[in-house]
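Engineer: Input structure: entry_2.cif, which contains mmCIF, C-alpha atoms and all ligand atoms.
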data_structure
loop_
_atom_site.label_atom_id
_atom_site.label_comp_id
_atom_site.auth_asym_id
_atom_site.auth_seq_id
_atom_site.Cartn_x
_atom_site.Cartn_y
_atom_site.Cartn_z
CA MET A 1367 45.21 -13.59 24.64
CA LEU A 1368 42.15 -14.37 22.56
CA LEU A 1369 38.67 -13.37 23.68
CA VAL A 1370 36.58 -16.28 24.93
CA PRO A 1371 34.18 -17.48 22.18
CA PRO A 1372 30.52 -16.77 23.03
CA GLN A 1373 28.48 -19.94 23.51
CA VAL A 1374 25.39 -19.52 21.35
CA ALA A 1375 22.91 -21.98 19.88
CA PRO A 1376 21.82 -21.83 16.21
CA PHE A 1377 19.16 -19.15 15.86
CA GLN A 1378 15.71 -20.60 15.31
CA PRO A 1379 13.11 -17.91 14.72
CA PRO A 1380 9.48 -18.84 15.42
CA ARG A 1381 7.01 -18.78 12.56
CA ARG A 1382 5.15 -15.53 12.98
CA THR A 1383 2.51 -13.89 10.84
CA LEU A 1384 3.87 -10.48 9.91
CA LEU A 1385 1.01 -8.01 9.53
CA GLY A 1386 2.93 -4.86 10.31
CA PRO A 1387 4.43 -2.15 8.10
CA GLY A 1388 7.13 -4.50 6.82
CA PRO A 1389 8.92 -6.76 6.54
CA SER A 1390 5.93 -8.72 5.32
CA ASP A 1391 5.67 -12.50 5.33
CA VAL A 1392 8.03 -13.90 2.72
CA TYR A 1393 6.67 -16.33 0.14
CA PRO A 1394 7.87 -19.88 0.98
CA SER A 1395 9.36 -20.30 -2.49
CA VAL A 1396 11.25 -17.02 -2.04
CA LEU A 1397 12.78 -18.32 1.19
CA ALA A 1398 13.65 -21.54 -0.60
CA ALA A 1399 15.19 -19.62 -3.51
CA GLN A 1400 17.49 -17.85 -1.09
CA ALA A 1401 18.83 -21.18 0.20
CA LYS A 1402 20.03 -22.29 -3.26
CA PRO A 1403 23.78 -22.66 -3.92
CA THR A 1404 25.66 -19.40 -4.12
CA LEU A 1405 27.18 -18.63 -7.52
CA GLY A 1406 30.05 -16.30 -8.27
CA HIS A 1407 28.59 -12.86 -8.89
CA LEU A 1408 30.14 -12.66 -12.36
CA ASP A 1409 29.21 -16.26 -13.24
CA PRO A 1410 27.43 -16.14 -16.62
CA LEU A 1411 24.46 -17.98 -15.13
CA PHE A 1412 24.11 -15.41 -12.38
CA VAL A 1413 24.54 -12.54 -14.84
CA GLY A 1414 21.70 -14.08 -16.91
CA MET A 1415 19.53 -14.15 -13.80
CA MET A 1416 20.28 -10.47 -13.14
CA ASP A 1417 19.07 -9.69 -16.66
CA GLU A 1418 15.81 -11.45 -15.77
CA VAL A 1419 15.55 -9.49 -12.52
CA LYS A 1420 15.89 -6.30 -14.54
CA ALA A 1421 13.15 -7.34 -16.99
CA LEU A 1422 10.90 -8.35 -14.09
CA LEU A 1423 11.52 -5.02 -12.35
CA GLN A 1424 10.66 -3.19 -15.57
CA TYR A 1425 7.36 -5.09 -15.56
CA ALA A 1426 6.68 -4.38 -11.86
CA PHE A 1427 7.40 -0.67 -12.33
CA GLN A 1428 5.72 -0.60 -15.77
CA THR A 1429 8.70 1.05 -17.38
CA ARG A 1430 11.02 0.64 -20.32
CA ASN A 1431 13.74 2.57 -18.48
CA GLU A 1432 17.12 1.08 -19.27
CA MET A 1433 18.43 2.14 -15.88
CA THR A 1434 16.34 -0.23 -13.81
CA LEU A 1435 18.02 -2.35 -11.16
CA ALA A 1436 18.07 -3.30 -7.49
CA VAL A 1437 20.36 -1.36 -5.16
CA SER A 1438 22.18 -3.82 -2.87
CA ALA A 1439 20.79 -2.29 0.30
CA PRO A 1440 17.37 -1.52 1.84
CA GLY A 1441 14.76 1.03 0.74
CA SER A 1442 16.58 3.88 2.51
CA ALA A 1443 19.51 3.34 0.13
CA GLY A 1444 17.10 3.58 -2.81
CA MET A 1445 15.96 6.93 -1.44
CA GLU A 1446 19.49 8.11 -0.92
CA ALA A 1447 20.56 6.88 -4.39
CA CYS A 1448 17.97 9.17 -5.99
CA PHE A 1449 19.07 12.26 -4.11
CA VAL A 1450 22.84 11.80 -4.24
CA ASN A 1451 22.83 10.97 -7.95
CA LEU A 1452 20.35 13.49 -9.27
CA VAL A 1453 20.49 16.51 -6.98
CA GLU A 1454 23.52 18.78 -6.78
CA ALA A 1455 24.47 21.32 -4.11
CA GLY A 1456 22.65 24.61 -4.50
CA GLU A 1457 19.68 23.20 -6.41
CA THR A 1458 16.12 23.52 -5.17
CA VAL A 1459 13.85 20.55 -4.49
CA ILE A 1460 10.17 20.77 -3.60
CA VAL A 1461 9.63 18.07 -0.96
CA CYS A 1462 6.15 16.96 0.04
CA ARG A 1463 5.94 15.92 3.67
CA ASN A 1464 2.91 14.12 5.08
CA GLY A 1465 4.69 11.64 7.32
CA VAL A 1466 8.01 10.19 8.39
CA PHE A 1467 9.36 9.33 4.96
CA GLY A 1468 8.69 12.73 3.40
CA GLU A 1469 10.73 14.18 6.26
CA ARG A 1470 13.54 11.75 5.45
CA MET A 1471 13.48 12.99 1.86
CA ARG A 1472 13.93 16.53 3.17
CA GLN A 1473 16.94 15.41 5.20
CA ASN A 1474 18.45 13.79 2.10
CA VAL A 1475 18.04 17.03 0.16
CA GLU A 1476 19.74 19.05 2.89
CA ARG A 1477 22.58 16.55 3.13
CA VAL A 1478 23.49 16.95 -0.53
CA GLY A 1479 23.72 20.68 0.08
CA ALA A 1480 20.56 21.47 -1.85
CA HIS A 1481 17.66 23.65 -0.76
CA ALA A 1482 14.42 21.91 0.30
CA VAL A 1483 11.13 23.75 -0.09
CA VAL A 1484 8.77 21.74 2.10
CA VAL A 1485 5.08 21.41 1.28
CA ASP A 1486 3.47 20.05 4.43
CA ALA A 1487 0.22 18.16 4.64
CA GLU A 1488 -1.36 17.05 7.88
CA TRP A 1489 -0.38 13.54 8.99
CA GLY A 1490 -3.08 11.18 7.74
CA LYS A 1491 -3.86 13.33 4.68
CA PRO A 1492 -2.57 12.96 1.12
CA VAL A 1493 -0.22 15.50 -0.43
CA ASP A 1494 -2.32 18.40 -1.73
CA PRO A 1495 -1.64 19.00 -5.46
CA GLN A 1496 -2.86 22.61 -5.15
CA ALA A 1497 -0.33 23.38 -2.43
CA VAL A 1498 2.35 21.71 -4.56
CA GLU A 1499 1.42 23.82 -7.57
CA ALA A 1500 1.60 26.97 -5.45
CA ALA A 1501 5.12 25.97 -4.34
CA LEU A 1502 6.15 25.26 -7.93
CA GLN A 1503 4.88 28.69 -8.95
CA ALA A 1504 6.61 30.40 -6.04
CA HIS A 1505 9.94 28.63 -6.74
CA PRO A 1506 10.50 28.62 -10.49
CA GLN A 1507 14.15 27.67 -9.92
CA ALA A 1508 13.09 24.26 -8.50
CA ARG A 1509 14.54 21.33 -10.46
CA PHE A 1510 12.77 18.44 -8.64
CA LEU A 1511 9.52 17.45 -7.02
CA ALA A 1512 9.89 14.67 -4.44
CA PHE A 1513 7.07 12.84 -2.67
CA VAL A 1514 6.04 9.52 -1.13
CA HIS A 1515 3.40 7.64 -3.10
CA ALA A 1516 2.38 5.35 -0.22
CA GLU A 1517 3.25 6.93 3.16
CA THR A 1518 3.81 3.92 5.42
CA SER A 1519 3.82 5.99 8.59
CA THR A 1520 0.22 7.12 8.10
CA GLY A 1521 -1.32 4.66 5.61
CA VAL A 1522 -1.98 7.37 3.03
CA ARG A 1523 -1.90 7.22 -0.76
CA SER A 1524 -1.06 10.41 -2.63
CA ASP A 1525 -2.00 11.00 -6.24
CA ALA A 1526 1.30 10.17 -7.93
CA GLN A 1527 -0.09 10.65 -11.42
CA ALA A 1528 -1.32 14.19 -10.71
CA LEU A 1529 1.86 15.17 -8.86
CA CYS A 1530 4.12 13.90 -11.66
CA ALA A 1531 2.03 15.78 -14.22
CA LEU A 1532 2.59 18.96 -12.18
CA ALA A 1533 6.32 18.27 -12.03
CA LYS A 1534 6.42 17.99 -15.84
CA GLN A 1535 4.31 21.11 -16.29
CA TYR A 1536 6.79 23.15 -14.23
CA GLY A 1537 9.93 21.64 -15.74
CA CYS A 1538 10.86 19.51 -12.71
CA LEU A 1539 12.02 15.93 -12.50
CA SER A 1540 9.92 13.80 -10.15
CA ILE A 1541 11.45 11.61 -7.43
CA VAL A 1542 8.93 9.11 -6.10
CA ASP A 1543 9.11 6.83 -3.04
CA ALA A 1544 7.29 3.64 -3.98
CA VAL A 1545 8.65 1.50 -1.14
CA THR A 1546 5.21 0.45 0.08
CA ALA A 1547 3.42 1.12 -3.21
CA LEU A 1548 5.16 -1.32 -5.56
CA GLY A 1549 3.03 -4.41 -6.14
CA GLY A 1550 0.26 -3.24 -3.78
CA ILE A 1551 -1.43 -0.37 -5.61
CA GLU A 1552 -1.47 0.94 -9.15
CA LEU A 1553 1.89 2.38 -10.17
CA ARG A 1554 2.76 3.19 -13.80
CA VAL A 1555 6.18 4.72 -14.05
CA ASP A 1556 6.20 5.46 -17.80
CA ASP A 1557 2.53 6.40 -18.20
CA TRP A 1558 2.70 8.79 -15.26
CA GLY A 1559 6.05 10.26 -16.32
CA ILE A 1560 7.94 9.38 -13.13
CA ASP A 1561 11.65 10.25 -13.46
CA ALA A 1562 13.17 8.50 -10.46
CA VAL A 1563 11.48 5.83 -8.41
CA TYR A 1564 12.69 3.48 -5.69
CA SER A 1565 11.14 0.72 -3.65
CA GLY A 1566 11.98 -1.96 -1.10
CA SER A 1567 12.00 -5.74 -1.34
CA GLN A 1568 10.27 -6.32 2.00
CA LYS A 1569 6.81 -4.85 1.50
CA CYS A 1570 4.34 -5.88 -1.22
CA LEU A 1571 6.96 -7.95 -3.06
CA SER A 1572 7.16 -10.21 0.02
CA CYS A 1573 10.83 -10.79 -0.54
CA VAL A 1574 13.52 -10.80 2.14
CA PRO A 1575 14.50 -7.29 3.32
CA GLY A 1576 17.64 -5.63 2.05
CA LEU A 1577 17.19 -4.71 -1.63
CA ALA A 1578 15.92 -1.51 -3.20
CA PRO A 1579 14.48 -1.67 -6.72
CA LEU A 1580 15.28 1.58 -8.54
CA SER A 1581 14.52 3.08 -11.93
CA PHE A 1582 15.64 6.30 -13.65
CA SER A 1583 13.97 7.74 -16.75
CA PRO A 1584 16.11 8.86 -19.72
CA ALA A 1585 15.66 12.47 -18.50
CA ALA A 1586 16.96 11.51 -15.05
CA VAL A 1587 19.93 9.70 -16.63
CA GLU A 1588 20.67 12.82 -18.69
CA LYS A 1589 20.63 14.91 -15.51
CA LEU A 1590 22.97 12.41 -13.86
CA LYS A 1591 25.38 12.50 -16.80
CA ALA A 1592 25.36 16.31 -16.84
CA ARG A 1593 26.51 16.60 -13.21
CA LYS A 1594 29.17 19.20 -12.58
CA THR A 1595 30.51 17.30 -9.57
CA PRO A 1596 31.04 13.56 -9.05
CA VAL A 1597 28.40 11.73 -6.98
CA GLN A 1598 29.82 12.01 -3.48
CA SER A 1599 28.79 8.46 -2.55
CA TRP A 1600 31.02 5.96 -4.32
CA PHE A 1601 28.80 2.99 -3.44
CA LEU A 1602 25.56 4.58 -4.65
CA ASP A 1603 27.01 6.22 -7.77
CA GLN A 1604 24.69 4.80 -10.42
CA THR A 1605 27.09 5.59 -13.26
CA LEU A 1606 29.43 3.00 -11.70
CA VAL A 1607 26.70 0.56 -10.67
CA MET A 1608 25.25 0.51 -14.17
CA GLY A 1609 28.46 -1.03 -15.48
CA TYR A 1610 27.71 -3.92 -13.18
CA TRP A 1611 24.01 -4.34 -14.01
CA GLY A 1612 24.73 -4.09 -17.73
CA ASN A 1613 23.12 -1.93 -20.38
CA ALA A 1614 21.40 -2.24 -23.72
CA ASN A 1615 24.61 -2.09 -25.78
CA GLY A 1616 25.61 -5.40 -24.24
CA SER A 1617 28.92 -4.18 -22.80
CA LYS A 1618 30.69 -6.64 -20.54
CA ARG A 1619 29.89 -6.51 -16.83
CA SER A 1620 32.56 -5.03 -14.67
CA TYR A 1621 33.01 -5.58 -10.96
CA HIS A 1622 31.58 -2.82 -8.77
CA HIS A 1623 30.71 -4.59 -5.53
CA THR A 1624 29.87 -8.19 -4.66
CA ALA A 1625 26.15 -8.49 -5.26
CA PRO A 1626 24.10 -10.11 -2.49
CA VAL A 1627 23.77 -13.19 -4.70
CA ASN A 1628 21.28 -15.19 -2.64
CA ALA A 1629 19.12 -12.16 -1.84
CA LEU A 1630 18.89 -11.55 -5.58
CA TYR A 1631 17.70 -15.16 -6.10
CA ALA A 1632 14.96 -14.26 -3.63
CA LEU A 1633 14.07 -11.06 -5.47
CA HIS A 1634 14.00 -12.95 -8.77
CA GLU A 1635 11.51 -15.43 -7.33
CA SER A 1636 9.27 -12.79 -5.73
CA LEU A 1637 9.14 -10.74 -8.93
CA ARG A 1638 8.49 -13.91 -10.91
CA LEU A 1639 5.50 -14.63 -8.64
CA LEU A 1640 4.22 -11.08 -9.11
CA ALA A 1641 4.51 -11.39 -12.88
CA ALA A 1642 2.76 -14.77 -12.81
CA GLU A 1643 -0.11 -13.34 -10.77
CA GLY A 1644 -0.24 -10.20 -12.90
CA LEU A 1645 -0.06 -6.66 -11.53
CA GLU A 1646 -3.76 -5.96 -11.87
CA HIS A 1647 -4.64 -9.13 -9.97
CA ALA A 1648 -2.16 -8.25 -7.23
CA TRP A 1649 -3.61 -4.74 -6.88
CA ALA A 1650 -7.15 -6.17 -6.77
CA ARG A 1651 -6.17 -8.80 -4.17
CA HIS A 1652 -4.78 -6.12 -1.86
CA ALA A 1653 -7.97 -4.07 -2.28
CA GLN A 1654 -10.19 -7.10 -1.53
CA GLN A 1655 -8.32 -8.05 1.63
CA HIS A 1656 -8.44 -4.43 2.79
CA GLN A 1657 -12.24 -4.46 2.39
CA LEU A 1658 -12.50 -7.63 4.49
CA LEU A 1659 -10.33 -6.10 7.19
CA LEU A 1660 -12.33 -2.87 7.12
CA ALA A 1661 -15.59 -4.76 7.62
CA GLY A 1662 -14.18 -6.79 10.54
CA LEU A 1663 -12.56 -3.83 12.29
CA THR A 1664 -15.72 -1.79 11.94
CA GLU A 1665 -17.58 -4.58 13.75
CA LEU A 1666 -15.01 -4.35 16.53
CA GLY A 1667 -15.61 -0.59 16.74
CA ILE A 1668 -12.13 0.28 15.45
CA GLU A 1669 -11.88 3.32 13.20
CA PHE A 1670 -9.55 4.11 10.34
CA LEU A 1671 -7.34 7.12 10.62
CA VAL A 1672 -7.43 8.03 6.96
CA GLU A 1673 -10.41 9.09 4.89
CA GLU A 1674 -11.61 6.40 2.51
CA SER A 1675 -10.34 8.03 -0.69
CA GLY A 1676 -6.74 8.22 0.58
CA ARG A 1677 -6.48 4.80 2.25
CA LEU A 1678 -3.76 2.37 1.34
CA PRO A 1679 -5.14 -1.17 1.16
CA GLN A 1680 -1.74 -2.61 2.05
CA LEU A 1681 -1.17 -0.41 5.12
CA ASN A 1682 -4.15 0.16 7.35
CA ALA A 1683 -3.65 2.85 9.97
CA VAL A 1684 -6.33 2.60 12.66
CA ARG A 1685 -7.04 4.50 15.85
CA ILE A 1686 -6.26 2.67 19.08
CA PRO A 1687 -9.57 2.62 20.97
CA ALA A 1688 -9.74 4.85 24.06
CA GLY A 1689 -8.52 3.16 27.24
CA VAL A 1690 -6.68 0.39 25.38
CA ASP A 1691 -3.01 -0.17 26.21
CA ASP A 1692 -1.17 -0.04 22.88
CA ALA A 1693 1.93 -1.97 23.87
CA ALA A 1694 0.00 -4.59 25.91
CA VAL A 1695 -2.18 -5.47 22.90
CA ARG A 1696 0.71 -5.73 20.47
CA THR A 1697 2.69 -7.83 22.97
CA ALA A 1698 -0.27 -10.18 23.50
CA LEU A 1699 -0.73 -10.58 19.75
CA LEU A 1700 2.95 -11.40 19.37
CA ASN A 1701 3.30 -13.73 22.33
CA ASP A 1702 -0.06 -15.50 22.24
CA TYR A 1703 -0.80 -15.54 18.51
CA ASN A 1704 2.65 -15.16 16.91
CA LEU A 1705 1.19 -12.21 15.09
CA GLU A 1706 2.91 -8.88 14.50
CA ILE A 1707 1.19 -5.58 13.84
CA GLY A 1708 2.91 -2.20 13.76
CA ALA A 1709 2.96 0.61 16.28
CA GLY A 1710 2.29 4.22 15.33
CA LEU A 1711 5.37 6.15 14.16
CA GLY A 1712 6.36 9.71 15.00
CA ALA A 1713 3.31 11.87 15.70
CA LEU A 1714 1.10 8.74 15.72
CA ALA A 1715 3.10 6.83 18.36
CA GLY A 1716 0.67 5.47 20.97
CA LYS A 1717 -2.32 6.65 18.94
CA ALA A 1718 -2.42 4.25 16.00
CA TRP A 1719 -1.77 0.70 14.94
CA ARG A 1720 -0.51 -0.03 11.46
CA ILE A 1721 -1.84 -3.24 9.98
CA GLY A 1722 -0.05 -4.37 6.87
CA LEU A 1723 -1.65 -6.64 4.31
CA MET A 1724 1.27 -6.80 1.95
CA GLY A 1725 2.14 -9.23 -0.79
CA TYR A 1726 1.92 -12.82 0.48
CA GLY A 1727 0.42 -11.41 3.68
CA ALA A 1728 -2.64 -10.08 1.85
CA ARG A 1729 -4.69 -13.25 2.24
CA ARG A 1730 -8.12 -14.01 3.63
CA GLU A 1731 -6.80 -16.37 6.35
CA ASN A 1732 -4.51 -13.64 7.71
CA VAL A 1733 -7.36 -11.15 7.91
CA ALA A 1734 -9.47 -13.75 9.75
CA LEU A 1735 -6.62 -14.60 12.13
CA LEU A 1736 -5.99 -10.96 12.98
CA LEU A 1737 -9.67 -10.15 13.53
CA GLN A 1738 -10.14 -13.14 15.80
CA ALA A 1739 -6.95 -12.51 17.77
CA LEU A 1740 -7.64 -8.80 18.17
CA ALA A 1741 -11.20 -9.45 19.34
CA GLU A 1742 -9.95 -11.93 21.95
CA VAL A 1743 -7.16 -9.67 23.20
CA LEU A 1744 -9.45 -6.63 23.42
CA ARG A 1745 -12.06 -8.68 25.28
CA ARG A 1746 -9.46 -9.53 27.92
N1 LIG A 1801 10.15 4.79 2.42
C1 LIG A 1801 9.02 4.26 2.89
C2 LIG A 1801 7.70 4.79 2.44
C3 LIG A 1801 9.08 3.20 3.80
O1 LIG A 1801 7.96 2.66 4.28
C4 LIG A 1801 10.34 2.71 4.22
C5 LIG A 1801 10.43 1.61 5.20
O2 LIG A 1801 9.50 1.30 5.91
C6 LIG A 1801 11.49 3.29 3.69
C7 LIG A 1801 11.36 4.33 2.80
C8 LIG A 1801 12.84 2.81 4.10
O3 LIG A 1801 13.03 1.49 3.72
P1 LIG A 1801 14.03 0.51 4.50
O4 LIG A 1801 13.50 0.38 5.89
O5 LIG A 1801 14.00 -0.75 3.71
O6 LIG A 1801 15.37 1.15 4.50
#
Please render this file's structure as structure tokens.
Structural biologist:
Amino acid sequence: MLLVPPQVAPFQPPRRTLLGPGPSDVYPSVLAAQAKPTLGHLDPLFVGMMDEVKALLQYAFQTRNEMTLAVSAPGSAGMEACFVNLVEAGETVIVCRNGVFGERMRQNVERVGAHAVVVDAEWGKPVDPQAVEAALQAHPQARFLAFVHAETSTGVRSDAQALCALAKQYGCLSIVDAVTALGGIELRVDDWGIDAVYSGSQKCLSCVPGLAPLSFSPAAVEKLKARKTPVQSWFLDQTLVMGYWGNANGSKRSYHHTAPVNALYALHESLRLLAAEGLEHAWARHAQQHQLLLAGLTELGIEFLVEESGRLPQLNAVRIPAGVDDAAVRTALLNDYNLEIGAGLGALAGKAWRIGLMGYGARRENVALLLQALAEVLRR
């Protein structure tokens, strides 16, 4: 006997304004791009578009790295791809932890059978380069330094340039989480000497969720090729994936997995918009909208959690005022204003709100809408 078919209507999501930690509001033309006819994933026209995605990613990351592509899965898969490809069992990795995502890096290191030396910083504070240098000195066998450039759980920016310089100085490869950073704040992969970097499509690129831009430097590729053991994840093995994304010697694409064709149309369009705006303009726009938000929240008596020098313009972590019901405010914003902001994560649960001004979301009208809605809800 067959199961009875469920009776469900077509899903019709409301139009919300997404000002949380991601996904961010998707550009209308990115949504439209995704609805275009699906092509075969080895169709020459699609392959040509993938080449453009690669060139656009190289621009967004500011890198000439040949191994630059989008992993067909969310940011977490970008993180995992770095660790499973580059780190082998028994190796030592210095992991900086100043929030949820640094802790996830540590877990990745442990899962590949490597040894994680954790350099903790207080939640809400950037990674301390002095503490990192002390760890590098104390562990000369370390092969990697891993850290989160823009810690989404706390709204903190760490000094990626200084940390990568330290990694080089001590003979380590750097692994950098740029999930929230890419497109929102300055990030220069080649100039800063970053060896492995990954991001997510759903933050400052304002693309649909589910893709993880990734780039490996020639030194990282060398390390990958010199592995003594095969990458234990077949799907994330970049030596196999690269045959699919193509390389400079123009070798023919071979099937690895079926690319998420329509999601890649979306990524192509969002990266095209970023390139058309220009990185420096995009960084400046995020900074400007952050300043507007800061001024408005200050008027409402709401304080930032992070000191000014370490604040991320695209992810504003603020203290929930005393006596205010966290969940009630977020529910009222969602139900009455169709507006989403983020709750605090981990140690900040119930203590902070996370207000994202990312990509297409980083616009004056969104800041005005949020300030007005928040003032009304708090007044109630
Ligand atoms: N790293 C950081 C800094 C993030 O903010 C996130 C997601 O919020 C991730 C990694 C994981 O990305 P995803 O949720 O797309 O798997």
Engineer: Which residue gives the smallest distance to Ser1524 of chain A among A:Gly1576, A:Gly1725, A:Pro1492, A:Gly1612, with all atoms listed in the file counted?
Structural biologist: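 Using all atoms listed in the file, Ser1524 of chain A sits closest to A:Pro1492.
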Engineer: So the first atom is atom CA of Leu1511 of chain A and the second is atom CA of Lys1534 of chain A; what is the distance between them in Å, to one decimal place?
Structural biologist: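 Result for atom CA of Leu1511 of chain A versus atom CA of Lys1534 of chain A: 9.4 Å, one decimal.
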Engineer: So, with all atoms listed in the file as the atoms that count, which of A:Thr1697, A:Ser1572, A:Gln1503, A:Asn1464 lies closest to Ser1519 of chain A?
Structural biologist: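 Using all atoms listed in the file, Ser1519 of chain A sits closest to A:Asn1464.
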Engineer: If I take atom CA of Val1413 of chain A and atom CA of Glu1635 of chain A, how far is one from the other in Å, to one decimal?
Structural biologist: 15.3 Å
Engineer: At a cut-off of 8 Å around the point (-1.9, -3.8, 1.8) (file coordinates), what residues fall inside when counting all atoms listed in the file? I'd like the answer as a VMD selection string.
Structural biologist: chain A and resid 1550 1570 1652 to 1653 1655 to 1656 1678 to 1682 1722 to 1725 1728
Engineer: Enumerate as a VMD selection string the residues within 9 Å of ligand LIG 1801 (chain A), counting only C-alpha atoms and all ligand atoms.
Structural biologist: chain A and resid 1387 to 1389 1439 to 1445 1465 to 1468 1470 to 1471 1514 to 1519 1543 to 1547 1564 to 1569 1575 to 1578
Engineer: Could the residues in this selection be written to a file with C-alpha atoms, as a PDB file, keeping the file's coordinate frame?
Structural biologist:
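Result went into again_15.pdb, see below:
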ATOM      1  CA  PRO A1387       4.430  -2.150   8.100  1.00  0.00           C
ATOM      2  CA  GLY A1388       7.130  -4.500   6.820  1.00  0.00           C
ATOM      3  CA  PRO A1389       8.920  -6.760   6.540  1.00  0.00           C
ATOM      4  CA  ALA A1439      20.790  -2.290   0.300  1.00  0.00           C
ATOM      5  CA  PRO A1440      17.370  -1.520   1.840  1.00  0.00           C
ATOM      6  CA  GLY A1441      14.760   1.030   0.740  1.00  0.00           C
ATOM      7  CA  SER A1442      16.580   3.880   2.510  1.00  0.00           C
ATOM      8  CA  ALA A1443      19.510   3.340   0.130  1.00  0.00           C
ATOM      9  CA  GLY A1444      17.100   3.580  -2.810  1.00  0.00           C
ATOM     10  CA  MET A1445      15.960   6.930  -1.440  1.00  0.00           C
ATOM     11  CA  GLY A1465       4.690  11.640   7.320  1.00  0.00           C
ATOM     12  CA  VAL A1466       8.010  10.190   8.390  1.00  0.00           C
ATOM     13  CA  PHE A1467       9.360   9.330   4.960  1.00  0.00           C
ATOM     14  CA  GLY A1468       8.690  12.730   3.400  1.00  0.00           C
ATOM     15  CA  ARG A1470      13.540  11.750   5.450  1.00  0.00           C
ATOM     16  CA  MET A1471      13.480  12.990   1.860  1.00  0.00           C
ATOM     17  CA  VAL A1514       6.040   9.520  -1.130  1.00  0.00           C
ATOM     18  CA  HIS A1515       3.400   7.640  -3.100  1.00  0.00           C
ATOM     19  CA  ALA A1516       2.380   5.350  -0.220  1.00  0.00           C
ATOM     20  CA  GLU A1517       3.250   6.930   3.160  1.00  0.00           C
ATOM     21  CA  THR A1518       3.810   3.920   5.420  1.00  0.00           C
ATOM     22  CA  SER A1519       3.820   5.990   8.590  1.00  0.00           C
ATOM     23  CA  ASP A1543       9.110   6.830  -3.040  1.00  0.00           C
ATOM     24  CA  ALA A1544       7.290   3.640  -3.980  1.00  0.00           C
ATOM     25  CA  VAL A1545       8.650   1.500  -1.140  1.00  0.00           C
ATOM     26  CA  THR A1546       5.210   0.450   0.080  1.00  0.00           C
ATOM     27  CA  ALA A1547       3.420   1.120  -3.210  1.00  0.00           C
ATOM     28  CA  TYR A1564      12.690   3.480  -5.690  1.00  0.00           C
ATOM     29  CA  SER A1565      11.140   0.720  -3.650  1.00  0.00           C
ATOM     30  CA  GLY A1566      11.980  -1.960  -1.100  1.00  0.00           C
ATOM     31  CA  SER A1567      12.000  -5.740  -1.340  1.00  0.00           C
ATOM     32  CA  GLN A1568      10.270  -6.320   2.000  1.00  0.00           C
ATOM     33  CA  LYS A1569       6.810  -4.850   1.500  1.00  0.00           C
ATOM     34  CA  PRO A1575      14.500  -7.290   3.320  1.00  0.00           C
ATOM     35  CA  GLY A1576      17.640  -5.630   2.050  1.00  0.00           C
ATOM     36  CA  LEU A1577      17.190  -4.710  -1.630  1.00  0.00           C
ATOM     37  CA  ALA A1578      15.920  -1.510  -3.200  1.00  0.00           C
TER      38      ALA A1578
END
Engineer: Fewer than 5 positions away in the same chain doesn't count, so skip those; otherwise give me all residues within 10 Å of Gly1644 of chain A, counting only C-alpha atoms, as a ChimeraX atom specification.
Structural biologist: /A:1425-1426,1549,1638-1639,1649
Engineer: Any idea what the distance is between atom CA of Leu1384 of chain A and atom CA of Gly1727 of chain A?
Structural biologist: 7.2 Å
Engineer: Report as a ChimeraX atom specification all protein, DNA and RNA residues lying within 9 Å of Gln1428 of chain A, evaluated on all atoms listed in the file, omitting residues in the same chain fewer than 4 positions from it.
Structural biologist: /A:1423-1424,1553-1557
